[in-house]
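With CSV, C-alpha atoms and all ligand atoms inside, this is upload_15.csv:
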```
chain,number,residue,atom,x,y,z
Z,1,MET,CA,0.0,0.0,0.0
Z,2,ILE,CA,2.9,2.4,0.5
Z,3,HIS,CA,5.8,3.6,-1.6
Z,4,ASN,CA,8.6,2.3,0.5
Z,5,THR,CA,11.3,4.6,1.7
Z,6,GLN,CA,14.4,4.2,-0.5
Z,7,HIS,CA,16.8,6.1,1.4
Z,8,GLN,CA,17.0,4.7,4.9
Z,9,ALA,CA,20.7,4.4,4.3
Z,10,LEU,CA,21.0,8.1,4.4
Z,11,ALA,CA,20.7,8.0,8.2
Z,12,THR,CA,23.7,9.5,9.7
Z,13,GLN,CA,24.9,9.7,13.3
Z,14,GLU,CA,25.3,13.4,13.3
Z,15,LEU,CA,21.6,14.2,12.8
Z,16,PRO,CA,20.2,15.6,16.1
Z,17,VAL,CA,17.0,13.6,15.8
Z,18,GLN,CA,18.9,10.4,16.7
Z,19,GLY,CA,18.9,11.6,20.3
Z,20,THR,CA,15.2,11.3,20.8
Z,21,VAL,CA,14.3,7.8,19.5
Z,22,GLU,CA,15.4,6.1,22.7
Z,23,TYR,CA,13.1,8.4,24.7
Z,24,TRP,CA,10.1,7.6,22.5
Z,25,ASP,CA,10.9,3.8,22.3
Z,26,ALA,CA,11.0,3.7,26.1
Z,27,TYR,CA,7.8,5.8,26.4
Z,28,TYR,CA,5.8,3.6,24.1
Z,29,ALA,CA,7.3,0.3,25.2
Z,30,HIS,CA,6.9,0.8,29.0
Z,31,SER,CA,4.3,3.4,29.5
Z,32,CYS,CA,0.6,2.7,29.7
Z,33,SER,CA,0.0,6.5,29.8
Z,34,ALA,CA,0.1,7.1,26.1
Z,35,PRO,CA,-3.5,8.2,25.2
Z,36,ASP,CA,-5.3,5.8,22.8
Z,37,GLN,CA,-8.3,7.9,22.0
Z,38,PRO,CA,-8.3,10.3,19.0
Z,39,SER,CA,-6.9,13.7,19.9
Z,40,ASP,CA,-9.2,16.8,19.8
Z,41,PHE,CA,-7.1,18.0,16.9
Z,42,ALA,CA,-7.7,14.9,14.9
Z,43,GLN,CA,-11.5,15.3,15.5
Z,44,PHE,CA,-11.3,18.9,14.4
Z,45,ILE,CA,-9.4,18.1,11.2
Z,46,ALA,CA,-11.7,15.2,10.4
Z,47,GLY,CA,-14.6,17.7,10.6
Z,48,LEU,CA,-12.8,20.0,8.1
Z,49,LEU,CA,-12.0,17.2,5.7
Z,50,GLY,CA,-15.6,16.0,5.5
Z,51,ALA,CA,-16.7,12.6,4.0
Z,52,VAL,CA,-14.7,12.4,0.8
Z,53,PRO,CA,-11.8,10.0,1.3
Z,54,MET,CA,-8.4,11.7,1.2
Z,55,ARG,CA,-4.8,10.4,1.6
Z,56,ILE,CA,-3.5,11.2,5.0
Z,57,VAL,CA,0.1,10.8,6.1
Z,58,ASP,CA,0.2,10.9,9.9
Z,59,ILE,CA,3.7,12.2,10.5
Z,60,ALA,CA,5.1,11.0,13.9
Z,61,CYS,CA,2.0,9.0,14.5
Z,62,GLY,CA,3.1,7.5,17.8
Z,63,ASN,CA,0.7,4.7,18.8
Z,64,GLY,CA,-1.4,5.5,15.8
Z,65,ARG,CA,-4.5,6.7,17.7
Z,66,ASP,CA,-5.2,9.5,15.2
Z,67,SER,CA,-4.3,7.4,12.1
Z,68,ILE,CA,-6.8,4.8,13.2
Z,69,PHE,CA,-9.4,7.4,13.8
Z,70,PHE,CA,-8.9,8.9,10.3
Z,71,ALA,CA,-9.0,5.4,8.8
Z,72,SER,CA,-12.3,4.7,10.6
Z,73,LYS,CA,-13.7,7.8,8.8
Z,74,GLY,CA,-12.8,6.2,5.4
Z,75,HIS,CA,-9.6,8.0,4.6
Z,76,TYR,CA,-6.5,6.2,3.3
Z,77,VAL,CA,-3.9,6.6,6.0
Z,78,LEU,CA,-0.2,6.0,6.3
Z,79,GLY,CA,1.3,6.5,9.8
Z,80,LEU,CA,5.0,7.2,10.0
Z,81,ASP,CA,7.2,7.2,13.1
Z,82,GLN,CA,10.8,6.7,14.0
Z,83,SER,CA,9.9,4.6,17.0
Z,84,GLU,CA,9.5,0.8,16.4
Z,85,ALA,CA,7.8,0.5,19.8
Z,86,ALA,CA,5.2,3.0,18.8
Z,87,LEU,CA,4.6,1.3,15.4
Z,88,GLU,CA,4.1,-2.0,17.1
Z,89,LEU,CA,1.3,-0.6,19.2
Z,90,ALA,CA,-0.2,1.2,16.1
Z,91,ARG,CA,-0.2,-2.0,14.0
Z,92,ALA,CA,-1.8,-4.0,16.8
Z,93,ALA,CA,-4.5,-1.4,17.3
Z,94,ALA,CA,-5.2,-1.3,13.5
Z,95,ALA,CA,-5.5,-5.1,13.5
Z,96,ARG,CA,-7.9,-5.0,16.5
Z,97,HIS,CA,-10.1,-2.5,14.6
Z,98,GLY,CA,-10.0,-4.7,11.5
Z,99,LEU,CA,-8.9,-1.7,9.3
Z,100,THR,CA,-7.4,-2.4,5.9
Z,101,ASN,CA,-7.1,1.3,4.8
Z,102,VAL,CA,-4.3,2.2,7.3
Z,103,ASP,CA,-0.7,1.2,7.1
Z,104,PHE,CA,2.3,2.0,9.3
Z,105,ALA,CA,6.0,2.4,8.4
Z,106,HIS,CA,9.2,3.2,10.0
Z,107,PHE,CA,10.4,6.7,8.9
Z,108,VAL,CA,12.8,9.1,10.4
Z,109,VAL,CA,12.3,12.7,9.3
Z,110,GLY,CA,15.7,14.1,8.8
Z,111,CYS,CA,17.2,10.9,7.4
Z,112,ASN,CA,15.1,10.4,4.3
Z,113,ARG,CA,14.8,12.3,1.0
Z,114,HIS,CA,11.4,11.0,-0.1
Z,115,LEU,CA,8.1,11.1,1.9
Z,116,PRO,CA,6.0,8.0,1.3
Z,117,THR,CA,2.3,8.4,0.8
Z,118,PRO,CA,-0.7,6.1,0.6
Z,119,ASN,CA,-0.6,4.6,-2.9
Z,120,VAL,CA,-4.3,5.1,-3.9
Z,121,GLY,CA,-4.2,7.5,-6.8
Z,122,ASN,CA,-4.4,11.2,-7.1
Z,123,VAL,CA,-6.8,12.2,-4.3
Z,124,PRO,CA,-5.9,15.2,-2.1
Z,125,LEU,CA,-3.0,14.6,0.3
Z,126,VAL,CA,-3.1,15.7,3.9
Z,127,LEU,CA,0.2,15.8,5.9
Z,128,TYR,CA,-1.0,15.6,9.5
Z,129,ALA,CA,1.5,16.4,12.2
Z,130,ARG,CA,0.3,16.5,15.8
Z,131,PHE,CA,2.9,17.3,18.5
Z,132,PHE,CA,5.7,16.7,15.9
Z,133,PHE,CA,7.2,20.2,15.3
Z,134,HIS,CA,8.0,20.7,19.0
Z,135,ALA,CA,9.5,17.2,19.2
Z,136,ILE,CA,12.2,18.0,16.6
Z,137,PRO,CA,15.2,20.3,16.3
Z,138,GLU,CA,15.0,23.1,13.7
Z,139,PRO,CA,17.3,21.4,11.2
Z,140,VAL,CA,14.9,18.4,11.1
Z,141,GLU,CA,12.0,20.8,10.7
Z,142,ASP,CA,13.8,22.3,7.7
Z,143,ASP,CA,14.3,18.8,6.3
Z,144,PHE,CA,10.6,18.2,6.7
Z,145,LEU,CA,9.7,21.3,4.8
Z,146,ASN,CA,12.1,20.2,2.0
Z,147,LEU,CA,10.2,16.9,1.9
Z,148,ILE,CA,7.0,18.8,1.4
Z,149,ALA,CA,8.5,21.1,-1.3
Z,150,ASN,CA,9.6,18.0,-3.2
Z,151,LEU,CA,6.2,16.3,-3.2
Z,152,ASP,CA,4.3,16.0,-6.5
Z,153,GLY,CA,0.5,16.4,-6.6
Z,154,ASP,CA,-2.1,19.0,-7.2
Z,155,GLN,CA,-3.5,19.6,-3.8
Z,156,ILE,CA,-1.6,19.2,-0.5
Z,157,TYR,CA,-2.8,20.2,2.9
Z,158,VAL,CA,-0.6,20.5,6.0
Z,159,ALA,CA,-2.3,20.3,9.4
Z,160,ALA,CA,-0.2,20.8,12.4
Z,161,GLU,CA,-0.6,21.3,16.2
Z,162,PHE,CA,2.3,22.1,18.4
Z,163,ARG,CA,3.5,23.8,21.6
Z,164,THR,CA,4.4,27.4,21.4
Z,165,ILE,CA,6.9,29.7,23.1
Z,166,ASN,CA,3.9,30.8,25.3
Z,167,ASP,CA,3.6,27.4,26.8
Z,168,PRO,CA,4.4,27.6,30.6
Z,169,ARG,CA,6.1,24.3,30.2
Z,170,MET,CA,9.0,26.1,28.4
Z,171,THR,CA,10.4,26.9,31.9
Z,172,TYR,CA,10.6,23.2,32.9
Z,173,GLY,CA,13.8,21.1,32.6
Z,174,GLU,CA,17.3,21.9,31.4
Z,175,PRO,CA,17.7,24.7,28.8
Z,176,ILE,CA,19.5,23.7,25.6
Z,177,SER,CA,18.9,27.1,23.9
Z,178,ALA,CA,16.4,29.9,24.2
Z,179,HIS,CA,13.5,27.7,23.1
Z,180,GLU,CA,14.8,24.2,23.6
Z,181,ARG,CA,14.5,22.1,26.8
Z,182,LEU,CA,15.4,18.7,28.0
Z,183,GLU,CA,12.9,17.4,30.7
Z,184,GLY,CA,14.0,14.6,33.0
Z,185,GLY,CA,17.3,14.3,31.1
Z,186,SER,CA,15.8,12.8,28.0
Z,187,HIS,CA,12.6,14.4,26.9
Z,188,TYR,CA,13.5,17.0,24.2
Z,189,ARG,CA,11.1,19.8,23.3
Z,190,ARG,CA,11.5,22.9,21.1
Z,191,TYR,CA,8.9,25.5,21.7
Z,192,ILE,CA,7.8,27.1,18.5
Z,193,ALA,CA,7.3,30.8,17.6
Z,194,PRO,CA,4.3,30.3,15.3
Z,195,GLU,CA,5.0,33.3,13.1
Z,196,HIS,CA,8.5,32.0,12.3
Z,197,LEU,CA,7.1,28.6,11.2
Z,198,ILE,CA,4.3,30.3,9.2
Z,199,ARG,CA,6.9,32.3,7.3
Z,200,LYS,CA,8.8,29.1,6.5
Z,201,LEU,CA,5.6,27.3,5.4
Z,202,GLU,CA,4.7,30.2,3.1
Z,203,THR,CA,8.2,30.1,1.6
Z,204,THR,CA,7.6,26.4,0.9
Z,205,GLY,CA,4.6,27.5,-1.2
Z,206,LEU,CA,1.9,26.9,1.3
Z,207,ARG,CA,-1.0,29.2,2.1
Z,208,ILE,CA,-2.3,29.4,5.6
Z,209,ILE,CA,-6.1,28.8,5.7
Z,210,HIS,CA,-6.5,28.3,9.5
Z,211,HIS,CA,-4.5,29.5,12.4
Z,212,VAL,CA,-5.4,29.6,16.1
Z,213,GLU,CA,-3.4,29.8,19.3
Z,214,GLY,CA,-4.3,29.4,22.9
Z,215,PHE,CA,-4.9,27.3,25.9
Z,216,GLY,CA,-7.7,24.7,26.2
Z,217,LEU,CA,-7.0,23.1,22.8
Z,218,SER,CA,-5.6,19.8,24.3
Z,219,ALA,CA,-5.8,19.8,28.0
Z,220,VAL,CA,-5.0,16.4,29.5
Z,221,LYS,CA,-4.0,15.1,32.9
Z,222,GLY,CA,-3.4,18.5,34.4
Z,223,ASP,CA,-1.4,19.8,31.4
Z,224,ASP,CA,-3.1,22.5,29.5
Z,225,PRO,CA,-0.4,23.5,27.0
Z,226,HIS,CA,-0.4,26.7,25.0
Z,227,LEU,CA,-0.8,25.4,21.4
Z,228,CYS,CA,-0.9,26.6,17.9
Z,229,ARG,CA,-3.0,24.9,15.2
Z,230,ILE,CA,-2.2,25.6,11.6
Z,231,VAL,CA,-3.8,24.3,8.4
Z,232,ALA,CA,-2.1,25.3,5.1
Z,233,VAL,CA,-2.7,24.3,1.5
Z,234,ARG,CA,-0.7,24.1,-1.7
Z,235,GLY,CA,-2.5,24.1,-5.0
Z,301,LIG,C1,4.5,13.7,21.3
Z,301,LIG,S1,4.6,12.2,20.3
Z,301,LIG,C2,3.2,12.5,19.2
Z,301,LIG,C3,2.5,11.2,18.8
Z,301,LIG,C4,1.2,11.4,18.1
Z,301,LIG,N1,1.3,12.3,16.9
Z,301,LIG,C5,0.1,11.9,19.0
Z,301,LIG,O1,-0.3,13.1,19.0
Z,301,LIG,O2,-0.4,11.1,19.9
Z,301,LIG,C6,5.9,12.6,19.2
Z,301,LIG,C7,6.3,11.5,18.2
Z,301,LIG,O3,7.2,12.0,17.3
Z,301,LIG,C8,8.0,11.0,16.9
Z,301,LIG,N2,9.2,11.6,16.3
Z,301,LIG,C9,10.1,12.5,16.8
Z,301,LIG,N3,11.0,12.8,15.9
Z,301,LIG,C10,10.8,12.2,14.8
Z,301,LIG,C11,11.4,12.1,13.5
Z,301,LIG,N4,12.5,12.8,13.3
Z,301,LIG,N5,10.9,11.3,12.6
Z,301,LIG,C12,9.8,10.5,12.9
Z,301,LIG,N6,9.2,10.5,14.0
Z,301,LIG,C13,9.6,11.3,15.0
Z,301,LIG,C14,8.3,10.2,18.2
Z,301,LIG,O4,8.8,8.9,18.0
Z,301,LIG,C15,6.9,10.3,18.8
Z,301,LIG,O5,6.2,9.1,18.5
```

This structure in structure tokens:
Amino acid sequence: MIHNTQHQALATQELPVQGTVEYWDAYYAHSCSAPDQPSDFAQFIAGLLGAVPMRIVDIACGNGRDSIFFASKGHYVLGLDQSEAALELARAAAARHGLTNVDFAHFVVGCNRHLPTPNVGNVPLVLYARFFFHAIPEPVEDDFLNLIANLDGDQIYVAAEFRTINDPRMTYGEPISAHERLEGGSHYRRYIAPEHLIRKLETTGLRIIHHVEGFGLSAVKGDDPHLCRIVAVRG
């Protein structure tokens, strides 16, 4: 169902993303705390997309909870993540739900030159990225924007939700730089200045069609982060 990644061999030790995979493998392998219900953001995006099936690439899908939700709505979904432990959970959940329109693949943004997509013809493509941008260093973000710029296809949407520099959590943990922190010694976060990312998305050829920021967008277990939601379109 997917175009396989041809460039896994491009992975290099120097890329900063390599530092976070151990954290996420341990999180998904040993923690029962990863939510398995669809996120509020996924429900919001599903409402925007409507009933016509689209191709959705769930970038950094984690345990696949949002991928599975989109597939249950009839979309063709490919969930990608760097964490094999997360993908194991995602594949097991898809099997439990008996879904055949969702697939999962190992993919490290920053180490690949081609973004795989669901192989179902030329229906609009949605690149869905929840809690991804703040999980990666800026050079990896730039690689992701290059992947988008290199995609063929008439209509491409990008839907992203991420923590901003107004998130109180930015004061937690050890500072790495003005906007980067390491919590508990291994949980990396980079708090995003939305207008900076928006400028870069626009430079990539995307037009912003939805942009909100604030609290209350994804409050769970006593954590009410300051988030930004962006939907952008090319074509
Ligand atoms: C906060 S979790 C979000 C999971 C899911 N999107 C959700 O909202 O439940 C961040 C995810 O990003 C993944 N990730 C971080 N850097 C990545 C990269 N460079 N390439 C692929 N996945 C990455 C991690 O493995 C982890 O599953």

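Counting all atoms listed in the file, the residue from Z:Asp81, Z:Glu22, Z:Glu195, Z:Asp152 that sits nearest to ligand LIG 301 (chain Z) is Z:Asp81.
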
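Going from atom CA of Z:Ile198 over to atom CA of Z:Ala71, you cover 28.2 Å.
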
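For ligand LIG 301 (chain Z), the protein and nucleic acid residues at most 6 Å away, judged by all atoms listed in the file, amount to Val17, Val21, Trp24, Ala60, Cys61, Gly62, Asp81, Gln82, Ser83, Phe107, Val108, Val109, Gly110, Arg130, Phe131, Phe132, Ala135 and Ile136 of chain Z.
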
Could you write out that same residue set with C-alpha atoms as a CSV table (one decimal), keeping the file's coordinate frame?
```csv
chain,number,residue,atom,x,y,z
Z,17,VAL,CA,17.0,13.6,15.8
Z,21,VAL,CA,14.3,7.8,19.5
Z,24,TRP,CA,10.1,7.6,22.5
Z,60,ALA,CA,5.1,11.0,13.9
Z,61,CYS,CA,2.0,9.0,14.5
Z,62,GLY,CA,3.1,7.5,17.8
Z,81,ASP,CA,7.2,7.2,13.1
Z,82,GLN,CA,10.8,6.7,14.0
Z,83,SER,CA,9.9,4.6,17.0
Z,107,PHE,CA,10.4,6.7,8.9
Z,108,VAL,CA,12.8,9.1,10.4
Z,109,VAL,CA,12.3,12.7,9.3
Z,110,GLY,CA,15.7,14.1,8.8
Z,130,ARG,CA,0.3,16.5,15.8
Z,131,PHE,CA,2.9,17.3,18.5
Z,132,PHE,CA,5.7,16.7,15.9
Z,135,ALA,CA,9.5,17.2,19.2
Z,136,ILE,CA,12.2,18.0,16.6
```

Residues within 10 Å of stretch 40-57 of chain Z, all atoms listed in the file, excluding chain neighbours under 6 positions, as a PyMOL selection string: chain Z and resi 65-67+69-71+73-80+101-104+115-130+156-161+217-219+229+231

Exercise: Z:Pro175 partners within 12 Å, all atoms listed in the file, chain neighbours under 5 positions left out, as a list in words: Arg169, Met170, Glu180, Arg181, Leu182, Glu183, Gly184, Gly185, His187, Tyr188, Arg189, Arg190 and Tyr191 of chain Z

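Of the listed residues Z:Leu151, Z:Leu145, Z:Cys228, Z:Leu89, the one whose atoms come nearest to Z:Leu201 is Z:Leu145, with distances taken using only C-alpha atoms.
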
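The residue set within 8 Å of Z:Ala90, counting only C-alpha atoms and dropping same-chain residues fewer than 2 places from it, reads Z:Gly62, Z:Asn63, Z:Gly64, Z:Arg65, Z:Ala86, Z:Leu87, Z:Glu88, Z:Ala92, Z:Ala93, Z:Ala94, Z:Phe104.
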
Grab the residues selected above and save them as a PDB file, in the coordinates of the input with C-alpha atoms.
```
ATOM      1  CA  GLY Z  62       3.100   7.500  17.800  1.00  0.00           C
ATOM      2  CA  ASN Z  63       0.700   4.700  18.800  1.00  0.00           C
ATOM      3  CA  GLY Z  64      -1.400   5.500  15.800  1.00  0.00           C
ATOM      4  CA  ARG Z  65      -4.500   6.700  17.700  1.00  0.00           C
ATOM      5  CA  ALA Z  86       5.200   3.000  18.800  1.00  0.00           C
ATOM      6  CA  LEU Z  87       4.600   1.300  15.400  1.00  0.00           C
ATOM      7  CA  GLU Z  88       4.100  -2.000  17.100  1.00  0.00           C
ATOM      8  CA  ALA Z  92      -1.800  -4.000  16.800  1.00  0.00           C
ATOM      9  CA  ALA Z  93      -4.500  -1.400  17.300  1.00  0.00           C
ATOM     10  CA  ALA Z  94      -5.200  -1.300  13.500  1.00  0.00           C
ATOM     11  CA  PHE Z 104       2.300   2.000   9.300  1.00  0.00           C
TER      12      PHE Z 104
END
```

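If you look at atom CA of Z:Asp142 and atom CA of Z:His179, they are 16.3 Å away from each other.
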
Selected residue of minimal separation from Z:Arg207 among Z:Asp154, Z:Arg234, Z:Gly222, Z:Ile192, counting only C-alpha atoms: Z:Arg234

Point-to-point distance in Å for atom CA of Z:Ala193 and atom CA of Z:Phe133: 10.8 Å

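Within 9 Å of Z:Asn146, once all atoms listed in the file are used and residues closer than 5 positions along the same chain are dropped, the contacting residues are Arg113, Glu141, Leu151 and Thr204 of chain Z.
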
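Comparing the minimum interatomic distances between Z:Phe144 and each of Z:Ile59, Z:Val220, Z:Ile68, Z:Ala26, counting only C-alpha atoms, we find that Z:Ile59 sits nearest.
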
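Shortest atom-to-atom contact with Z:His210 among Z:Arg163, Z:Ile230, Z:Asp223, Z:His114: Z:Ile230, counting all atoms listed in the file.
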
Working from the structure I just supplied, which lacks atoms in stretch 219-234 of chain Z, can you model N, CA and C atoms there and output them as a compact mmCIF listing (two decimals), in the coordinates of the input?
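Written file, rebuild19.txt:
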```txt
# COMPACT_ATOMS: atom_id res chain seq x y z
N ALA Z 219 -6.16 19.87 26.61
CA ALA Z 219 -5.80 19.80 28.00
C ALA Z 219 -6.02 18.33 28.50
N VAL Z 220 -4.92 17.73 28.96
CA VAL Z 220 -5.00 16.40 29.50
C VAL Z 220 -4.20 16.21 30.75
N LYS Z 221 -4.74 15.45 31.67
CA LYS Z 221 -4.00 15.10 32.90
C LYS Z 221 -3.29 16.28 33.54
N GLY Z 222 -4.00 17.37 33.71
CA GLY Z 222 -3.40 18.50 34.40
C GLY Z 222 -2.45 19.33 33.57
N ASP Z 223 -2.24 18.98 32.32
CA ASP Z 223 -1.40 19.80 31.40
C ASP Z 223 -2.25 20.43 30.38
N ASP Z 224 -2.30 21.78 30.46
CA ASP Z 224 -3.10 22.50 29.50
C ASP Z 224 -2.09 23.38 28.68
N PRO Z 225 -1.46 22.79 27.66
CA PRO Z 225 -0.40 23.50 27.00
C PRO Z 225 -0.91 24.66 26.11
N HIS Z 226 -0.05 25.65 25.93
CA HIS Z 226 -0.40 26.70 25.00
C HIS Z 226 0.03 26.19 23.59
N LEU Z 227 -0.97 26.03 22.72
CA LEU Z 227 -0.80 25.40 21.40
C LEU Z 227 -1.06 26.30 20.28
N CYS Z 228 -0.54 25.93 19.14
CA CYS Z 228 -0.90 26.60 17.90
C CYS Z 228 -1.41 25.48 16.93
N ARG Z 229 -2.50 25.79 16.24
CA ARG Z 229 -3.00 24.90 15.20
C ARG Z 229 -2.91 25.66 13.87
N ILE Z 230 -2.35 24.96 12.88
CA ILE Z 230 -2.20 25.60 11.60
C ILE Z 230 -2.74 24.58 10.52
N VAL Z 231 -3.52 25.07 9.58
CA VAL Z 231 -3.80 24.30 8.40
C VAL Z 231 -3.38 25.15 7.20
N ALA Z 232 -2.62 24.53 6.32
CA ALA Z 232 -2.10 25.30 5.10
C ALA Z 232 -2.35 24.40 3.91
N VAL Z 233 -2.38 25.04 2.76
CA VAL Z 233 -2.70 24.30 1.50
C VAL Z 233 -1.73 24.77 0.41
N ARG Z 234 -1.38 23.82 -0.44
CA ARG Z 234 -0.70 24.10 -1.70
C ARG Z 234 -1.49 23.64 -2.83
```
